[in-house]
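These notes concern the structure reproduced below.
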Amino acid sequence: MPADHPLAGRPEVTPADLDGVPFVTLFRGDPIYQQLAAAFSEYGARWSVVAETEVFSTACELVRAGCGVGLIDPIVSAAFTADIVRRPFRPTITYEIALLYPTHEELSQISRDFIKMLRAHLKNPLGS
């Protein structure tokens, strides 16, 4: 959210806090959209979507421009959030990723090292 947003001072944000607040989100077919819709419904909060986008970078730009608040992936969007306020959202919205590799051959050492580093980073994405 923009730094001057009334919710910027909160330690975390819930759907109840965002009841009727202009919201920028990913498009309707995205699993994140579905989880957010369910969270707002569960809290009985009005989800006031003002823009849908396919990528987090666009959502960040719309938030920066003051169009609303949004939920972003903290890893993918780190480069786009330097001048906007990020707060944890509750309930937790999950992101699923997968690593695909052949099962019929041994992974290279560099592949194993990459997987180890990726898993460590995903457990603590912001270094906090």
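Labeling convention for the structure tokens: chains A, B, ... as they appear, residues from 1 per chain, ligands from 1 in order of appearance.
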Would you mind listing, for every residue of range 23-87 of chain A within 10 Å of range 9-13 of chain A, the two atoms forming the shortest contact and the distance between them in Å to one decimal, using only C-alpha atoms, sorted by chain and ascending residue number, as a Markdown table?
| residue | atom | partner | partner_atom | distance |
| --- | --- | --- | --- | --- |
| A:Val85 | CA | A:Gly9 | CA | 9.1 |
| A:Arg86 | CA | A:Glu12 | CA | 9.0 |
| A:Arg87 | CA | A:Glu12 | CA | 5.3 |
Restricting it to N, CA, C and O atoms, dump the selection as an mmCIF file, in the first residue's frame.
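See part30.cif below for the written result:
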data_model
loop_
_atom_site.group_PDB
_atom_site.id
_atom_site.type_symbol
_atom_site.label_atom_id
_atom_site.label_comp_id
_atom_site.auth_asym_id
_atom_site.auth_seq_id
_atom_site.Cartn_x
_atom_site.Cartn_y
_atom_site.Cartn_z
ATOM 1 N N VAL A 85 4.468 0.242 1.111
ATOM 2 C CA VAL A 85 4.459 -0.429 2.409
ATOM 3 C C VAL A 85 3.938 -1.851 2.255
ATOM 4 O O VAL A 85 2.890 -2.069 1.645
ATOM 5 N N ARG A 86 4.678 -2.804 2.810
ATOM 6 C CA ARG A 86 4.244 -4.201 2.794
ATOM 7 C C ARG A 86 3.894 -4.623 4.213
ATOM 8 O O ARG A 86 4.636 -4.356 5.137
ATOM 9 N N ARG A 87 2.767 -5.277 4.342
ATOM 10 C CA ARG A 87 2.335 -5.801 5.631
ATOM 11 C C ARG A 87 1.856 -7.236 5.425
ATOM 12 O O ARG A 87 1.271 -7.558 4.390
#
Report task. Report as a ChimeraX atom specification: the residues of chain A with a DSSP assignment of helix (DSSP H, G or I), based on the backbone of this structure. Result -> /A:31-43,56-64,78-80,109-123
Query - Spatial neighbours of Phe56 in chain A, max dist 10 Å, only C-alpha atoms, sep filter under 2 positions, as a VMD selection string - result: chain A and resid 24 to 26 53 to 54 58 to 62 70 to 74 76 to 78 80
The selected residues should be written to file as a tab-separated table (two decimals), in the first residue's frame (atoms: all heavy atoms).
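What ended up in out-v6.tsv:
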chain	number	residue	atom	x	y	z
A	24	VAL	N	-6.34	-4.03	-5.73
A	24	VAL	CA	-5.74	-4.46	-6.99
A	24	VAL	C	-5.36	-5.93	-6.81
A	24	VAL	O	-4.71	-6.29	-5.82
A	24	VAL	CB	-4.48	-3.63	-7.31
A	24	VAL	CG1	-3.81	-4.13	-8.57
A	24	VAL	CG2	-4.82	-2.14	-7.42
A	25	THR	N	-5.74	-6.78	-7.76
A	25	THR	CA	-5.50	-8.20	-7.60
A	25	THR	C	-5.06	-8.85	-8.91
A	25	THR	O	-5.13	-8.24	-9.98
A	25	THR	CB	-6.76	-8.91	-7.06
A	25	THR	OG1	-6.45	-10.29	-6.79
A	25	THR	CG2	-7.91	-8.84	-8.05
A	26	LEU	N	-4.63	-10.08	-8.80
A	26	LEU	CA	-4.36	-10.86	-10.00
A	26	LEU	C	-5.70	-11.23	-10.64
A	26	LEU	O	-6.75	-11.11	-10.03
A	26	LEU	CB	-3.56	-12.12	-9.66
A	26	LEU	CG	-2.13	-11.87	-9.15
A	26	LEU	CD1	-1.44	-13.19	-8.86
A	26	LEU	CD2	-1.32	-11.06	-10.14
A	53	THR	N	-4.87	-7.86	-12.84
A	53	THR	CA	-3.70	-7.91	-13.69
A	53	THR	C	-3.14	-9.33	-13.72
A	53	THR	O	-3.49	-10.15	-12.87
A	53	THR	CB	-2.62	-6.91	-13.22
A	53	THR	OG1	-1.49	-6.99	-14.07
A	53	THR	CG2	-2.20	-7.19	-11.80
A	54	GLU	N	-2.29	-9.60	-14.68
A	54	GLU	CA	-1.70	-10.93	-14.78
A	54	GLU	C	-0.38	-11.05	-14.04
A	54	GLU	O	0.08	-12.15	-13.78
A	54	GLU	CB	-1.49	-11.31	-16.25
A	54	GLU	CG	-2.78	-11.55	-16.97
A	54	GLU	CD	-2.58	-12.13	-18.36
A	54	GLU	OE1	-1.50	-12.66	-18.65
A	54	GLU	OE2	-3.52	-12.06	-19.15
A	58	THR	N	2.78	-5.20	-12.31
A	58	THR	CA	1.71	-4.26	-12.66
A	58	THR	C	0.88	-3.91	-11.43
A	58	THR	O	0.52	-2.74	-11.22
A	58	THR	CB	0.83	-4.83	-13.77
A	58	THR	OG1	1.64	-5.14	-14.90
A	58	THR	CG2	-0.27	-3.86	-14.17
A	59	ALA	N	0.58	-4.90	-10.62
A	59	ALA	CA	-0.17	-4.64	-9.38
A	59	ALA	C	0.59	-3.64	-8.51
A	59	ALA	O	-0.01	-2.71	-7.97
A	59	ALA	CB	-0.41	-5.94	-8.62
A	60	CYS	N	1.90	-3.80	-8.40
A	60	CYS	CA	2.71	-2.87	-7.59
A	60	CYS	C	2.65	-1.46	-8.16
A	60	CYS	O	2.54	-0.49	-7.41
A	60	CYS	CB	4.16	-3.35	-7.52
A	60	CYS	SG	4.38	-4.84	-6.53
A	61	GLU	N	2.71	-1.33	-9.47
A	61	GLU	CA	2.64	0.00	-10.10
A	61	GLU	C	1.28	0.65	-9.86
A	61	GLU	O	1.20	1.85	-9.61
A	61	GLU	CB	2.94	-0.09	-11.59
A	61	GLU	CG	4.38	-0.39	-11.92
A	61	GLU	CD	5.34	0.65	-11.36
A	61	GLU	OE1	5.03	1.86	-11.39
A	61	GLU	OE2	6.41	0.25	-10.87
A	62	LEU	N	0.22	-0.14	-9.92
A	62	LEU	CA	-1.12	0.40	-9.66
A	62	LEU	C	-1.26	0.83	-8.21
A	62	LEU	O	-1.86	1.87	-7.91
A	62	LEU	CB	-2.19	-0.63	-10.04
A	62	LEU	CG	-2.34	-0.87	-11.53
A	62	LEU	CD1	-3.19	-2.11	-11.79
A	62	LEU	CD2	-2.93	0.35	-12.23
A	70	GLY	N	-3.01	-3.99	-2.51
A	70	GLY	CA	-2.97	-5.28	-3.19
A	70	GLY	C	-2.20	-6.31	-2.40
A	70	GLY	O	-1.50	-5.98	-1.44
A	71	LEU	N	-2.34	-7.54	-2.79
A	71	LEU	CA	-1.59	-8.64	-2.21
A	71	LEU	C	-0.57	-9.07	-3.25
A	71	LEU	O	-0.94	-9.35	-4.40
A	71	LEU	CB	-2.51	-9.81	-1.86
A	71	LEU	CG	-1.77	-10.97	-1.22
A	71	LEU	CD1	-1.81	-10.81	0.29
A	71	LEU	CD2	-2.38	-12.28	-1.63
A	72	ILE	N	0.70	-9.12	-2.85
A	72	ILE	CA	1.75	-9.47	-3.80
A	72	ILE	C	2.61	-10.60	-3.25
A	72	ILE	O	2.67	-10.82	-2.04
A	72	ILE	CB	2.63	-8.24	-4.14
A	72	ILE	CG1	3.16	-7.55	-2.87
A	72	ILE	CG2	1.85	-7.24	-4.94
A	72	ILE	CD1	4.58	-7.74	-2.62
A	73	ASP	N	3.28	-11.29	-4.13
A	73	ASP	CA	4.24	-12.32	-3.75
A	73	ASP	C	5.50	-11.59	-3.28
A	73	ASP	O	6.09	-10.83	-4.04
A	73	ASP	CB	4.54	-13.19	-4.98
A	73	ASP	CG	5.57	-14.26	-4.69
A	73	ASP	OD1	6.57	-13.96	-4.01
A	73	ASP	OD2	5.40	-15.39	-5.18
A	74	PRO	N	5.93	-11.80	-2.03
A	74	PRO	CA	7.08	-11.06	-1.52
A	74	PRO	C	8.40	-11.39	-2.20
A	74	PRO	O	9.31	-10.56	-2.22
A	74	PRO	CB	7.13	-11.44	-0.04
A	74	PRO	CG	6.40	-12.73	0.05
A	74	PRO	CD	5.37	-12.71	-1.05
A	76	VAL	N	8.78	-12.63	-5.64
A	76	VAL	CA	8.72	-12.17	-7.03
A	76	VAL	C	8.69	-10.65	-7.10
A	76	VAL	O	9.27	-10.05	-7.99
A	76	VAL	CB	7.49	-12.77	-7.74
A	76	VAL	CG1	7.30	-12.18	-9.12
A	76	VAL	CG2	7.61	-14.28	-7.81
A	77	SER	N	8.03	-10.02	-6.16
A	77	SER	CA	7.79	-8.58	-6.23
A	77	SER	C	8.79	-7.73	-5.45
A	77	SER	O	8.65	-6.51	-5.42
A	77	SER	CB	6.39	-8.27	-5.73
A	77	SER	OG	5.44	-8.96	-6.50
A	78	ALA	N	9.79	-8.31	-4.86
A	78	ALA	CA	10.74	-7.55	-4.03
A	78	ALA	C	11.33	-6.36	-4.78
A	78	ALA	O	11.48	-5.28	-4.20
A	78	ALA	CB	11.85	-8.47	-3.52
A	80	PHE	N	9.98	-4.50	-6.91
A	80	PHE	CA	8.97	-3.50	-7.25
A	80	PHE	C	8.34	-2.82	-6.03
A	80	PHE	O	7.40	-2.05	-6.17
A	80	PHE	CB	7.85	-4.14	-8.08
A	80	PHE	CG	8.35	-4.90	-9.26
A	80	PHE	CD1	8.32	-6.29	-9.27
A	80	PHE	CD2	8.87	-4.23	-10.36
A	80	PHE	CE1	8.79	-6.99	-10.36
A	80	PHE	CE2	9.34	-4.93	-11.45
A	80	PHE	CZ	9.31	-6.32	-11.45
Query raised in the report: At what distance in Å, to one decimal, does CA of Phe89 in chain A lie from CA of Leu122 in chain A?
Result: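 Separating CA of Leu122 in chain A from CA of Phe89 in chain A is a distance of 17.4 Å.
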Report task. Calculate how many Å separate CA of Ala79 in chain A from CA of Tyr95 in chain A, rounding to one decimal. Result -> 18.3 Å
Report task. Fewer than 5 positions away in the same chain doesn't count, so skip those; otherwise give me all residues within 8 Å of range 38-48 of chain A, counting only C-alpha atoms, as a ChimeraX atom specification. Result -> /A:15-16,18-23,91
Which of chain A DSSP labels strand (DSSP E or B), written as a compact mmCIF listing (two decimals) with N, CA and C atoms, in the first residue's frame:
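Output file states.txt is given in full below:
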# COMPACT_ATOMS: atom_id res chain seq x y z
N VAL A 13 -2.64 -7.09 8.15
CA VAL A 13 -3.92 -6.67 7.58
C VAL A 13 -4.78 -7.90 7.32
N PRO A 22 -10.45 -0.03 -1.95
CA PRO A 22 -10.08 -0.36 -3.34
C PRO A 22 -8.91 -1.33 -3.38
N PHE A 23 -9.05 -2.41 -4.16
CA PHE A 23 -8.10 -3.51 -4.15
C PHE A 23 -7.65 -3.85 -5.56
N VAL A 24 -6.34 -4.03 -5.73
CA VAL A 24 -5.74 -4.46 -6.99
C VAL A 24 -5.36 -5.93 -6.81
N THR A 25 -5.74 -6.78 -7.76
CA THR A 25 -5.50 -8.20 -7.60
C THR A 25 -5.06 -8.85 -8.91
N LEU A 26 -4.63 -10.08 -8.80
CA LEU A 26 -4.36 -10.86 -10.00
C LEU A 26 -5.70 -11.23 -10.64
N SER A 48 -13.49 -5.06 -2.75
CA SER A 48 -13.73 -4.01 -3.73
C SER A 48 -12.61 -3.98 -4.78
N VAL A 49 -12.66 -4.92 -5.72
CA VAL A 49 -11.64 -5.02 -6.76
C VAL A 49 -11.80 -3.88 -7.76
N VAL A 50 -10.74 -3.09 -7.92
CA VAL A 50 -10.74 -1.98 -8.87
C VAL A 50 -9.90 -2.28 -10.10
N ALA A 51 -9.02 -3.29 -10.01
CA ALA A 51 -8.17 -3.65 -11.15
C ALA A 51 -7.70 -5.09 -11.00
N GLU A 52 -7.64 -5.79 -12.13
CA GLU A 52 -7.09 -7.14 -12.18
C GLU A 52 -5.92 -7.12 -13.16
N THR A 53 -4.87 -7.86 -12.84
CA THR A 53 -3.70 -7.91 -13.69
C THR A 53 -3.14 -9.33 -13.72
N VAL A 69 -4.96 -0.95 -2.71
CA VAL A 69 -3.98 -1.81 -2.06
C VAL A 69 -3.98 -3.13 -2.81
N GLY A 70 -3.01 -3.99 -2.51
CA GLY A 70 -2.97 -5.28 -3.19
C GLY A 70 -2.20 -6.31 -2.40
N PHE A 89 -0.52 -10.38 5.44
CA PHE A 89 -1.96 -10.55 5.28
C PHE A 89 -2.37 -11.82 6.00
Query - Selection near Ile84 in chain A, 9 Å with only C-alpha atoms, sequence-local residues under 4 positions removed, as a PyMOL selection string - result: chain A and resi 1-3+60+63-64+80
Requested in this report: Could you check which of A:Ile93, A:Cys67, A:Ala98, A:Leu118 is closest to Pro31 in chain A, using only C-alpha atoms?
Outcome: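 Counting only C-alpha atoms, the residue closest to Pro31 in chain A is A:Ile93.
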